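Raw contents of model-v4.txt, compact mmCIF, C-alpha atoms and all ligand atoms:
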# COMPACT_ATOMS: atom_id res chain seq x y z
CA MET X 223 10.74 40.36 48.14
CA TYR X 224 8.63 37.93 46.15
CA THR X 225 5.14 37.50 47.59
CA VAL X 226 2.98 34.58 46.50
CA PHE X 227 -0.65 34.64 47.63
CA PHE X 228 -2.71 31.44 47.82
CA ILE X 229 -6.36 32.13 47.05
CA GLY X 230 -9.12 29.64 46.54
CA THR X 231 -12.43 28.19 47.60
CA ALA X 232 -12.93 26.73 51.08
CA GLY X 233 -11.14 23.44 51.59
CA SER X 234 -9.36 23.46 48.22
CA GLY X 235 -6.09 22.84 50.04
CA LYS X 236 -4.49 26.30 50.28
CA SER X 237 -2.94 25.75 53.70
CA THR X 238 -1.77 22.21 52.91
CA LEU X 239 -0.24 23.47 49.67
CA VAL X 240 1.54 26.32 51.46
CA ALA X 241 2.99 23.74 53.88
CA ALA X 242 4.02 21.34 51.09
CA LEU X 243 5.56 24.04 48.91
CA TYR X 244 7.38 25.48 51.92
CA GLN X 245 8.89 22.04 52.61
CA TRP X 246 9.83 21.60 48.97
CA LEU X 247 11.48 25.02 48.78
CA ASP X 248 13.19 24.58 52.14
CA ASN X 249 14.56 21.18 51.10
CA SER X 250 15.83 22.81 47.92
CA GLY X 251 17.76 25.37 50.00
CA PHE X 252 15.51 28.42 49.57
CA ASP X 253 14.94 30.92 52.34
CA VAL X 254 11.14 31.19 52.56
CA GLY X 255 8.77 32.95 54.96
CA ILE X 256 5.11 32.15 55.58
CA VAL X 257 2.36 34.66 56.44
CA ASN X 258 -1.03 33.47 57.66
CA LEU X 259 -3.80 35.96 56.88
CA ASP X 260 -6.62 33.65 57.98
CA PRO X 261 -7.96 34.89 61.33
CA ALA X 262 -10.33 31.91 61.54
CA ALA X 263 -7.78 29.09 61.11
CA GLU X 264 -8.01 26.60 63.98
CA TYR X 265 -5.13 24.47 62.83
CA LEU X 266 -2.33 25.22 60.37
CA PRO X 267 -0.10 22.53 58.86
CA TYR X 268 2.91 24.88 59.01
CA THR X 269 4.50 27.29 61.47
CA PRO X 270 3.95 30.81 60.14
CA ASP X 271 6.60 33.51 60.58
CA ILE X 272 3.81 36.06 60.79
CA ASP X 273 0.34 35.10 61.97
CA VAL X 274 -2.64 37.49 62.08
CA ARG X 275 -4.17 35.32 64.82
CA ASP X 276 -1.52 36.64 67.22
CA ARG X 277 -3.59 39.85 67.34
CA ILE X 278 -6.93 39.11 65.76
CA SER X 279 -8.88 35.91 66.13
CA ALA X 280 -12.23 35.47 64.36
CA ARG X 281 -13.40 33.35 67.29
CA LYS X 282 -12.76 36.20 69.77
CA VAL X 283 -14.37 38.75 67.43
CA MET X 284 -17.39 36.44 67.19
CA LYS X 285 -17.82 36.34 70.96
CA GLN X 286 -16.98 39.99 71.62
CA TYR X 287 -19.32 41.45 68.99
CA ARG X 288 -21.86 38.61 69.01
CA LEU X 289 -21.43 37.93 65.30
CA GLY X 290 -22.08 34.87 63.17
CA PRO X 291 -19.25 32.82 61.64
CA ASN X 292 -19.05 34.76 58.36
CA ALA X 293 -19.63 38.23 59.80
CA SER X 294 -16.88 37.57 62.36
CA ILE X 295 -14.40 36.68 59.57
CA ILE X 296 -15.38 39.82 57.64
CA ALA X 297 -14.89 41.94 60.75
CA ALA X 298 -11.61 40.19 61.59
CA VAL X 299 -10.20 40.67 58.07
CA ASP X 300 -11.23 44.35 58.23
CA MET X 301 -9.25 44.57 61.48
CA VAL X 302 -6.25 42.93 59.80
CA VAL X 303 -6.33 45.79 57.27
CA VAL X 304 -5.55 48.23 60.07
CA ASP X 305 -2.53 46.07 60.85
CA ALA X 306 -1.32 45.86 57.23
CA ASP X 307 1.60 48.28 57.64
CA ARG X 308 2.84 46.40 60.70
CA ILE X 309 2.59 43.04 58.89
CA ARG X 310 4.54 44.53 56.01
CA GLU X 311 7.21 45.80 58.45
CA GLU X 312 7.41 42.37 60.09
CA MET X 313 7.90 40.76 56.69
CA GLY X 314 10.79 43.16 56.12
CA ALA X 315 12.21 42.38 59.56
CA VAL X 316 12.05 38.60 59.04
CA GLY X 317 13.86 39.30 55.80
CA ALA X 318 12.86 36.29 53.72
CA PRO X 319 13.21 36.87 49.97
CA ILE X 320 10.15 34.71 49.20
CA TYR X 321 6.87 34.77 51.14
CA LEU X 322 4.03 32.32 50.84
CA VAL X 323 0.81 33.97 52.04
CA ASP X 324 -2.14 31.83 53.10
CA THR X 325 -5.57 33.48 52.94
CA PRO X 326 -8.97 32.91 54.60
CA GLY X 327 -10.90 29.80 53.64
CA GLN X 328 -14.12 31.52 52.72
CA MET X 329 -12.77 32.98 49.50
CA GLU X 330 -15.75 35.26 48.88
CA LEU X 331 -15.22 36.98 52.23
CA PHE X 332 -11.68 37.83 51.21
CA ALA X 333 -11.62 38.10 47.42
CA PHE X 334 -14.92 39.86 46.93
CA ARG X 335 -14.49 42.51 49.57
CA GLN X 336 -12.40 45.62 49.49
CA SER X 337 -10.27 44.56 52.46
CA GLY X 338 -8.89 41.49 50.66
CA ALA X 339 -7.75 43.42 47.60
CA TYR X 340 -6.30 46.11 49.85
CA LEU X 341 -4.29 43.58 51.86
CA ILE X 342 -2.91 41.95 48.72
CA GLN X 343 -1.90 45.36 47.40
CA LYS X 344 -0.28 46.33 50.71
CA LEU X 345 1.72 43.12 51.10
CA SER X 346 2.84 42.95 47.48
CA ASP X 347 6.26 43.98 46.37
CA VAL X 348 7.51 44.54 42.84
CA HIS X 349 7.16 40.82 42.26
CA SER X 350 3.96 39.26 43.45
CA LEU X 351 1.74 36.54 42.20
CA VAL X 352 -1.55 34.85 42.98
CA VAL X 353 -1.75 31.07 42.99
CA TYR X 354 -5.41 30.27 42.50
CA VAL X 355 -6.04 26.91 44.17
CA SER X 356 -8.96 24.79 43.02
CA ASP X 357 -10.04 21.31 44.03
CA ALA X 358 -9.52 18.58 41.43
CA LEU X 359 -12.56 16.61 42.60
CA TYR X 360 -14.68 19.65 41.82
CA ALA X 361 -12.92 20.80 38.65
CA GLN X 362 -13.24 17.43 36.91
CA THR X 363 -16.94 17.87 36.08
CA VAL X 364 -18.09 20.19 33.30
CA ASP X 365 -19.96 22.47 35.72
CA GLY X 366 -17.10 22.40 38.21
CA PHE X 367 -14.55 23.22 35.54
CA ALA X 368 -16.69 26.08 34.18
CA THR X 369 -17.19 27.67 37.60
CA THR X 370 -13.53 27.13 38.49
CA MET X 371 -12.53 29.17 35.43
CA LEU X 372 -15.08 31.86 36.29
CA LEU X 373 -13.90 32.08 39.90
CA ALA X 374 -10.24 32.17 38.86
CA LEU X 375 -11.09 34.97 36.45
CA SER X 376 -13.00 36.82 39.19
CA SER X 377 -9.94 36.60 41.38
CA ARG X 378 -7.82 38.07 38.57
CA ILE X 379 -10.30 40.91 38.14
CA ARG X 380 -10.28 41.57 41.89
CA PHE X 381 -6.54 41.41 42.51
CA LYS X 382 -5.11 42.45 39.15
CA LYS X 383 -2.12 40.18 39.70
CA PRO X 384 -0.49 37.61 37.47
CA GLN X 385 -2.01 34.27 38.32
CA ILE X 386 -1.12 30.61 38.24
CA LEU X 387 -4.06 28.22 38.19
CA VAL X 388 -3.43 25.16 40.32
CA ILE X 389 -5.70 22.15 40.34
CA ASN X 390 -4.83 20.63 43.70
CA LYS X 391 -5.66 17.14 45.00
CA ALA X 392 -4.64 15.69 41.63
CA ASP X 393 -3.98 12.42 43.51
CA LEU X 394 -7.76 12.03 43.84
CA ILE X 395 -8.71 12.11 40.16
CA SER X 396 -8.10 9.65 37.32
CA GLU X 397 -5.76 10.12 34.39
CA ASP X 398 -8.81 10.39 32.14
CA ALA X 399 -10.11 13.30 34.19
CA VAL X 400 -6.74 15.07 33.82
CA ILE X 401 -6.90 14.52 30.05
CA ASN X 402 -10.48 15.88 29.92
CA ILE X 403 -9.57 19.07 31.77
CA THR X 404 -6.45 19.53 29.63
CA ASN X 405 -8.55 19.12 26.47
CA TRP X 406 -11.17 21.63 27.65
CA VAL X 407 -8.42 24.21 28.19
CA GLU X 408 -6.53 23.50 24.98
CA ASP X 409 -9.63 23.22 22.85
CA PRO X 410 -12.52 25.08 24.51
CA HIS X 411 -14.83 23.95 21.68
CA SER X 412 -14.71 20.44 23.13
CA LEU X 413 -16.34 21.99 26.21
CA PHE X 414 -18.79 24.26 24.38
CA ASP X 415 -20.06 21.24 22.48
CA VAL X 416 -21.11 19.40 25.62
CA ALA X 417 -24.81 18.73 25.16
CA ASN X 418 -26.05 19.70 28.61
CA LEU X 419 -24.69 23.26 28.55
CA SER X 420 -27.38 25.88 28.19
CA THR X 421 -26.98 28.64 25.58
CA TYR X 422 -26.09 31.26 28.15
CA GLU X 423 -23.53 28.96 29.84
CA ARG X 424 -21.94 28.30 26.46
CA GLU X 425 -21.85 32.01 25.59
CA ILE X 426 -20.33 33.00 28.94
CA LEU X 427 -17.64 30.31 28.65
CA ARG X 428 -16.93 31.32 25.08
CA ALA X 429 -16.38 34.91 26.26
CA VAL X 430 -14.15 33.79 29.14
CA ALA X 431 -12.05 31.64 26.81
CA ALA X 432 -11.84 34.45 24.22
CA ALA X 433 -10.61 36.82 26.94
CA GLY X 434 -7.79 34.40 27.78
CA GLY X 435 -9.56 33.28 30.94
CA PHE X 436 -8.86 29.59 30.42
CA LEU X 437 -5.46 29.49 32.07
CA GLU X 438 -3.44 26.36 31.58
CA PRO X 439 -3.80 24.51 34.89
CA LEU X 440 -1.02 22.91 36.87
CA PHE X 441 -2.00 19.58 38.36
CA VAL X 442 -0.59 19.40 41.86
CA SER X 443 -0.99 17.26 44.93
CA ALA X 444 -0.12 18.89 48.22
CA LYS X 445 -0.44 15.39 49.71
CA THR X 446 1.97 13.46 47.46
CA GLY X 447 4.14 16.38 46.31
CA GLU X 448 3.25 15.79 42.65
CA GLY X 449 3.68 18.95 40.56
CA LEU X 450 5.42 21.06 43.23
CA ASP X 451 8.54 21.25 41.06
CA LYS X 452 6.42 22.56 38.17
CA LEU X 453 4.75 25.09 40.45
CA TYR X 454 8.14 26.37 41.53
CA TYR X 455 9.25 26.51 37.90
CA LYS X 456 6.20 28.62 36.98
CA MET X 457 6.78 30.91 39.95
CA GLN X 458 10.38 31.34 38.91
CA LEU X 459 9.42 32.05 35.31
CA HIS X 460 7.18 34.83 36.50
CA TYR X 461 9.86 36.23 38.80
CA THR X 462 12.55 36.28 36.18
CA GLY X 463 10.19 37.77 33.62
CA GLY X 464 10.13 34.65 31.44
CA GLU X 465 6.46 35.40 31.02
CA ASP X 466 4.33 32.34 31.44
CA THR X 467 1.64 33.67 33.71
CA GLN X 468 -1.06 36.00 32.56
CA LEU X 469 -2.75 39.03 34.05
N1 LIG Q 1 -5.98 13.92 48.85
C1 LIG Q 1 -5.59 15.19 49.03
N2 LIG Q 1 -6.10 15.90 50.05
C2 LIG Q 1 -5.67 17.17 50.22
C3 LIG Q 1 -4.72 17.77 49.34
N3 LIG Q 1 -4.51 19.04 49.75
C4 LIG Q 1 -5.30 19.22 50.84
N4 LIG Q 1 -6.01 18.11 51.12
C5 LIG Q 1 -6.97 17.91 52.20
O1 LIG Q 1 -8.06 18.82 52.01
C6 LIG Q 1 -8.55 19.28 53.27
C7 LIG Q 1 -8.54 20.80 53.28
O2 LIG Q 1 -7.19 21.22 53.22
P1 LIG Q 1 -6.75 22.67 53.71
O3 LIG Q 1 -5.31 22.82 53.39
O4 LIG Q 1 -7.17 22.91 55.11
O5 LIG Q 1 -7.62 23.57 52.73
P2 LIG Q 1 -7.82 25.14 52.79
O6 LIG Q 1 -8.15 25.60 51.43
O7 LIG Q 1 -6.68 25.79 53.48
O8 LIG Q 1 -9.10 25.18 53.72
P3 LIG Q 1 -9.75 26.45 54.44
O9 LIG Q 1 -8.65 27.41 54.77
O10 LIG Q 1 -10.47 25.89 55.63
O11 LIG Q 1 -10.69 26.93 53.39
C8 LIG Q 1 -7.66 18.65 54.32
O12 LIG Q 1 -8.30 17.49 54.80
C9 LIG Q 1 -6.40 18.28 53.57
O13 LIG Q 1 -5.71 17.19 54.12
C10 LIG Q 1 -4.21 16.97 48.26
O14 LIG Q 1 -3.39 17.39 47.44
N5 LIG Q 1 -4.69 15.68 48.17
MG MG Q 2 -6.66 27.15 55.10
Would you mind writing the file out in structure tokens?
Ligand SMILES: Nc1nc2c(ncn2[C@@H]2O[C@H](COP(=O)(O)OP(=O)(O)OP(=O)(O)O)[C@@H](O)[C@H]2O)c(=O)[nH]1
Ligand SMILES: [Mg+2]
Amino acid sequence: MYTVFFIGTAGSGKSTLVAALYQWLDNSGFDVGIVNLDPAAEYLPYTPDIDVRDRISARKVMKQYRLGPNASIIAAVDMVVVDADRIREEMGAVGAPIYLVDTPGQMELFAFRQSGAYLIQKLSDVHSLVVYVSDALYAQTVDGFATTMLLALSSRIRFKKPQILVINKADLISEDAVINITNWVEDPHSLFDVANLSTYEREILRAVAAAGGFLEPLFVSAKTGEGLDKLYYKMQLHYTGGEDTQL
């Protein structure tokens, strides 16, 4: 079983990307399953094979325990943890060789809490991978790019999984913006030299780059389908051990 987790900031397009990649893989003749781990999702652009909302809904938890929107998601994800073995069994029963796993929108409630890392560990098989999804509109600015790299690195520290960095919504940014981002990754000095970076920002970014934290991004559009073939290729490289993703 090959499990691919989609992690990223709220609204970056995780669910849309899961739907688009599922379609792409399905059209290419692959047998793929989808797991939804987001107990707060109101609408999903795909039909999951396994859906945590069948048992745990953040909305119900909110009403029952009189919690706020974030506390109810935290509580709901903690409840999903109790169900982890059953979800794992269901994945086995469905029997798909590849699973795409969608995760809660509020990344910090999932990635920066013990329950998220535990779930990823529980639902991972020998081959598993994190696709870190960021939003191109955000990543195209210097500050947005810098924090995207820091968040992607945080997710690697939390999950300790090989990771592919996807910049989604590439249809919304210009070719120049793509070139800028590519240059910042290939030559981090072009970023460090930006005048409005403070000394501490520059030093942090230098350390992240030196640690290999500037992953080469894949520009993808879940809307137009751009880059889905490259995403599949990267996933396959990881699966077959043709190492192209980094831990
Ligand atoms: N233009 C464009 N819009 C996109 C793309 N991918 C997603 N969107 C839009 O971005 C919005 C958020 O998409 P979702 O897939 O719900 O994002 P998400 O990360 O799952 O959101 P949460 O789970 O709520 O955090 C929706 O309006 C999507 O239609 C893309 O590649 N291009
Ligand atoms: Mg979503």
Can you check which parts of chain X lie within 12 Å of ligand MG 2 (chain Q)? Per residue, the shortest pair of atoms and distance in Å to one decimal, counting all atoms listed in the file, sorted by chain and number, as a tab-separated table.
residue	atom	partner	partner_atom	distance
X:Phe228	CA	Q:MG2	MG	9.3
X:Ile229	CA	Q:MG2	MG	9.5
X:Gly230	CA	Q:MG2	MG	9.2
X:Thr231	CA	Q:MG2	MG	9.5
X:Ala232	CA	Q:MG2	MG	7.5
X:Gly233	CA	Q:MG2	MG	6.8
X:Ser234	CA	Q:MG2	MG	8.3
X:Gly235	CA	Q:MG2	MG	6.7
X:Lys236	CA	Q:MG2	MG	5.4
X:Ser237	CA	Q:MG2	MG	4.2
X:Thr238	CA	Q:MG2	MG	7.3
X:Leu239	CA	Q:MG2	MG	9.2
X:Val240	CA	Q:MG2	MG	9.0
X:Ala241	CA	Q:MG2	MG	10.3
X:Val257	CA	Q:MG2	MG	11.8
X:Asn258	CA	Q:MG2	MG	8.8
X:Leu259	CA	Q:MG2	MG	9.4
X:Asp260	CA	Q:MG2	MG	7.1
X:Pro261	CA	Q:MG2	MG	10.0
X:Ala262	CA	Q:MG2	MG	8.8
X:Ala263	CA	Q:MG2	MG	6.4
X:Glu264	CA	Q:MG2	MG	9.0
X:Tyr265	CA	Q:MG2	MG	8.3
X:Leu266	CA	Q:MG2	MG	7.1
X:Pro267	CA	Q:MG2	MG	8.9
X:Tyr268	CA	Q:MG2	MG	10.6
X:Val323	CA	Q:MG2	MG	10.6
X:Asp324	CA	Q:MG2	MG	6.8
X:Thr325	CA	Q:MG2	MG	6.8
X:Pro326	CA	Q:MG2	MG	6.2
X:Gly327	CA	Q:MG2	MG	5.2
X:Gln328	CA	Q:MG2	MG	9.0
X:Met329	CA	Q:MG2	MG	10.1
X:Val355	CA	Q:MG2	MG	11.0
Work out how far apart atom O13 of ligand LIG 1 (chain Q) and CA of Ala297 in chain X are and give it in Å to one decimal.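 Interatomic distance here is 27.2 Å.
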Separation of CA of Phe334 in chain X and CA of Ile426 in chain X, in Å? 20.0 Å
Top pick for closest residue to Arg378 in chain X, considering X:Val353, X:Val283, X:Thr363, X:Tyr224 and counting only C-alpha atoms: X:Val353
What box, with edges along x, y and z, holds each listed atom of ligand LIG 1 (chain Q) when 8 Å is added on every side, and can you state its centre and edge lengths in Å to one decimal, as lines of an AutoDock Vina configuration file?
center_x = -7.0
center_y = 20.7
center_z = 51.5
size_x = 23.3
size_y = 29.5
size_z = 24.2
Among listed residues X:Trp406, X:Lys285, X:Glu448, X:Val352, nearest Ala333 in chain X (using all atoms listed in the file):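 For Ala333 in chain X, the nearest of the candidates is X:Val352.
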CA of Pro319 in chain X to atom O3 of ligand LIG 1 (chain Q) measures 23.5 Å
Using all atoms listed in the file, can you tell me which of X:Val388, X:Val400, X:Val254, X:Met457 comes closest to ligand LIG 1 (chain Q)? X:Val388
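Using all atoms listed in the file for every distance, the candidate list X:Leu437, X:Val416, X:Ala358, X:Leu373 yields X:Ala358 as the residue closest to ligand LIG 1 (chain Q).
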Kindly indicate which residue among X:Leu345, X:Leu243, X:Leu331, X:Leu322 lies nearest to Ala298 in chain X, using only C-alpha atoms for the distances.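 So, comparing all the options, the nearest one is X:Leu331.
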Judged by only C-alpha atoms and all ligand atoms, the minimum distance to ligand LIG 1 (chain Q) among X:Ser377, X:Ser443, X:Asn249, X:Ser356 is found for X:Ser443
Which residues, written as a PyMOL selection string, have at least one atom at most 10 Å from Leu427 in chain X, with all atoms listed in the file counted and residues fewer than 2 positions away on the same chain left out? chain X and resi 368-369+371-372+410-411+413-414+419+421-425+429-433+435-436
Step by step: start from the point (5.7, 44.0, 50.4) in the file's coordinates, keep every protein, DNA or RNA residue that has an atom no farther than 8 Å from it, count all atoms listed in the file, and write the set as a ChimeraX atom specification. /X:223-225,310,313-314,344-348
Output range 434-468 of chain X with N, CA and C atoms present, as a PDB file, keeping the file's coordinate frame.
ATOM      1  N   GLY X 434      -9.016  35.010  27.233  1.00  0.00           N
ATOM      2  CA  GLY X 434      -7.790  34.400  27.780  1.00  0.00           C
ATOM      3  C   GLY X 434      -7.987  33.882  29.189  1.00  0.00           C
ATOM      4  N   GLY X 435      -9.257  33.685  29.562  1.00  0.00           N
ATOM      5  CA  GLY X 435      -9.560  33.280  30.940  1.00  0.00           C
ATOM      6  C   GLY X 435      -9.318  31.804  31.219  1.00  0.00           C
ATOM      7  N   PHE X 436      -9.135  31.004  30.189  1.00  0.00           N
ATOM      8  CA  PHE X 436      -8.860  29.590  30.420  1.00  0.00           C
ATOM      9  C   PHE X 436      -7.353  29.404  30.607  1.00  0.00           C
ATOM     10  N   LEU X 437      -6.892  29.653  31.805  1.00  0.00           N
ATOM     11  CA  LEU X 437      -5.460  29.490  32.070  1.00  0.00           C
ATOM     12  C   LEU X 437      -5.101  28.011  32.053  1.00  0.00           C
ATOM     13  N   GLU X 438      -3.912  27.746  31.567  1.00  0.00           N
ATOM     14  CA  GLU X 438      -3.440  26.360  31.580  1.00  0.00           C
ATOM     15  C   GLU X 438      -3.247  25.926  33.032  1.00  0.00           C
ATOM     16  N   PRO X 439      -3.922  24.873  33.480  1.00  0.00           N
ATOM     17  CA  PRO X 439      -3.800  24.510  34.890  1.00  0.00           C
ATOM     18  C   PRO X 439      -2.566  23.661  35.181  1.00  0.00           C
ATOM     19  N   LEU X 440      -2.112  23.782  36.393  1.00  0.00           N
ATOM     20  CA  LEU X 440      -1.020  22.910  36.870  1.00  0.00           C
ATOM     21  C   LEU X 440      -1.658  21.883  37.791  1.00  0.00           C
ATOM     22  N   PHE X 441      -1.449  20.629  37.503  1.00  0.00           N
ATOM     23  CA  PHE X 441      -2.000  19.580  38.360  1.00  0.00           C
ATOM     24  C   PHE X 441      -1.002  19.303  39.483  1.00  0.00           C
ATOM     25  N   VAL X 442      -1.480  19.478  40.697  1.00  0.00           N
ATOM     26  CA  VAL X 442      -0.590  19.400  41.860  1.00  0.00           C
ATOM     27  C   VAL X 442      -1.256  18.545  42.924  1.00  0.00           C
ATOM     28  N   SER X 443      -0.449  17.875  43.718  1.00  0.00           N
ATOM     29  CA  SER X 443      -0.990  17.260  44.930  1.00  0.00           C
ATOM     30  C   SER X 443      -0.154  17.722  46.121  1.00  0.00           C
ATOM     31  N   ALA X 444      -0.810  18.452  47.002  1.00  0.00           N
ATOM     32  CA  ALA X 444      -0.120  18.890  48.220  1.00  0.00           C
ATOM     33  C   ALA X 444       0.145  17.691  49.124  1.00  0.00           C
ATOM     34  N   LYS X 445      -0.602  16.597  48.888  1.00  0.00           N
ATOM     35  CA  LYS X 445      -0.440  15.390  49.710  1.00  0.00           C
ATOM     36  C   LYS X 445       0.768  14.575  49.261  1.00  0.00           C
ATOM     37  N   THR X 446       0.897  14.330  47.947  1.00  0.00           N
ATOM     38  CA  THR X 446       1.970  13.460  47.460  1.00  0.00           C
ATOM     39  C   THR X 446       3.194  14.255  46.993  1.00  0.00           C
ATOM     40  N   GLY X 447       3.023  15.548  46.790  1.00  0.00           N
ATOM     41  CA  GLY X 447       4.140  16.380  46.310  1.00  0.00           C
ATOM     42  C   GLY X 447       4.207  16.466  44.786  1.00  0.00           C
ATOM     43  N   GLU X 448       3.290  15.739  44.124  1.00  0.00           N
ATOM     44  CA  GLU X 448       3.250  15.790  42.650  1.00  0.00           C
ATOM     45  C   GLU X 448       3.061  17.238  42.179  1.00  0.00           C
ATOM     46  N   GLY X 449       3.873  17.637  41.205  1.00  0.00           N
ATOM     47  CA  GLY X 449       3.680  18.950  40.560  1.00  0.00           C
ATOM     48  C   GLY X 449       4.292  20.136  41.297  1.00  0.00           C
ATOM     49  N   LEU X 450       4.854  19.910  42.499  1.00  0.00           N
ATOM     50  CA  LEU X 450       5.420  21.060  43.230  1.00  0.00           C
ATOM     51  C   LEU X 450       6.613  21.646  42.484  1.00  0.00           C
ATOM     52  N   ASP X 451       7.387  20.768  41.833  1.00  0.00           N
ATOM     53  CA  ASP X 451       8.540  21.250  41.060  1.00  0.00           C
ATOM     54  C   ASP X 451       8.065  22.141  39.907  1.00  0.00           C
ATOM     55  N   LYS X 452       6.951  21.757  39.283  1.00  0.00           N
ATOM     56  CA  LYS X 452       6.420  22.560  38.170  1.00  0.00           C
ATOM     57  C   LYS X 452       5.864  23.891  38.685  1.00  0.00           C
ATOM     58  N   LEU X 453       5.272  23.849  39.865  1.00  0.00           N
ATOM     59  CA  LEU X 453       4.750  25.090  40.450  1.00  0.00           C
ATOM     60  C   LEU X 453       5.912  26.048  40.728  1.00  0.00           C
ATOM     61  N   TYR X 454       6.968  25.523  41.290  1.00  0.00           N
ATOM     62  CA  TYR X 454       8.140  26.370  41.530  1.00  0.00           C
ATOM     63  C   TYR X 454       8.682  26.938  40.215  1.00  0.00           C
ATOM     64  N   TYR X 455       8.726  26.090  39.203  1.00  0.00           N
ATOM     65  CA  TYR X 455       9.250  26.510  37.900  1.00  0.00           C
ATOM     66  C   TYR X 455       8.414  27.670  37.348  1.00  0.00           C
ATOM     67  N   LYS X 456       7.090  27.558  37.467  1.00  0.00           N
ATOM     68  CA  LYS X 456       6.200  28.620  36.980  1.00  0.00           C
ATOM     69  C   LYS X 456       6.388  29.903  37.779  1.00  0.00           C
ATOM     70  N   MET X 457       6.556  29.739  39.104  1.00  0.00           N
ATOM     71  CA  MET X 457       6.780  30.910  39.950  1.00  0.00           C
ATOM     72  C   MET X 457       8.067  31.597  39.535  1.00  0.00           C
ATOM     73  N   GLN X 458       9.074  30.778  39.267  1.00  0.00           N
ATOM     74  CA  GLN X 458      10.380  31.340  38.910  1.00  0.00           C
ATOM     75  C   GLN X 458      10.322  32.037  37.557  1.00  0.00           C
ATOM     76  N   LEU X 459       9.578  31.438  36.630  1.00  0.00           N
ATOM     77  CA  LEU X 459       9.420  32.050  35.310  1.00  0.00           C
ATOM     78  C   LEU X 459       8.818  33.444  35.442  1.00  0.00           C
ATOM     79  N   HIS X 460       7.819  33.540  36.290  1.00  0.00           N
ATOM     80  CA  HIS X 460       7.180  34.830  36.500  1.00  0.00           C
ATOM     81  C   HIS X 460       8.175  35.819  37.096  1.00  0.00           C
ATOM     82  N   TYR X 461       8.918  35.348  38.098  1.00  0.00           N
ATOM     83  CA  TYR X 461       9.860  36.230  38.800  1.00  0.00           C
ATOM     84  C   TYR X 461      10.939  36.765  37.875  1.00  0.00           C
ATOM     85  N   THR X 462      11.441  35.876  37.033  1.00  0.00           N
ATOM     86  CA  THR X 462      12.550  36.280  36.180  1.00  0.00           C
ATOM     87  C   THR X 462      12.054  36.951  34.897  1.00  0.00           C
ATOM     88  N   GLY X 463      10.727  37.067  34.786  1.00  0.00           N
ATOM     89  CA  GLY X 463      10.190  37.770  33.620  1.00  0.00           C
ATOM     90  C   GLY X 463      10.053  36.878  32.404  1.00  0.00           C
ATOM     91  N   GLY X 464      10.352  35.587  32.550  1.00  0.00           N
ATOM     92  CA  GLY X 464      10.130  34.650  31.440  1.00  0.00           C
ATOM     93  C   GLY X 464       8.643  34.379  31.394  1.00  0.00           C
ATOM     94  N   GLU X 465       7.914  35.345  30.861  1.00  0.00           N
ATOM     95  CA  GLU X 465       6.460  35.400  31.020  1.00  0.00           C
ATOM     96  C   GLU X 465       5.753  34.097  30.674  1.00  0.00           C
ATOM     97  N   ASP X 466       5.103  33.542  31.680  1.00  0.00           N
ATOM     98  CA  ASP X 466       4.330  32.340  31.440  1.00  0.00           C
ATOM     99  C   ASP X 466       3.036  32.396  32.237  1.00  0.00           C
ATOM    100  N   THR X 467       2.883  33.487  32.960  1.00  0.00           N
ATOM    101  CA  THR X 467       1.640  33.670  33.710  1.00  0.00           C
ATOM    102  C   THR X 467       0.961  34.881  33.100  1.00  0.00           C
ATOM    103  N   GLN X 468      -0.334  34.916  33.229  1.00  0.00           N
ATOM    104  CA  GLN X 468      -1.060  36.000  32.560  1.00  0.00           C
ATOM    105  C   GLN X 468      -1.805  36.852  33.560  1.00  0.00           C
TER     106      GLN X 468
END
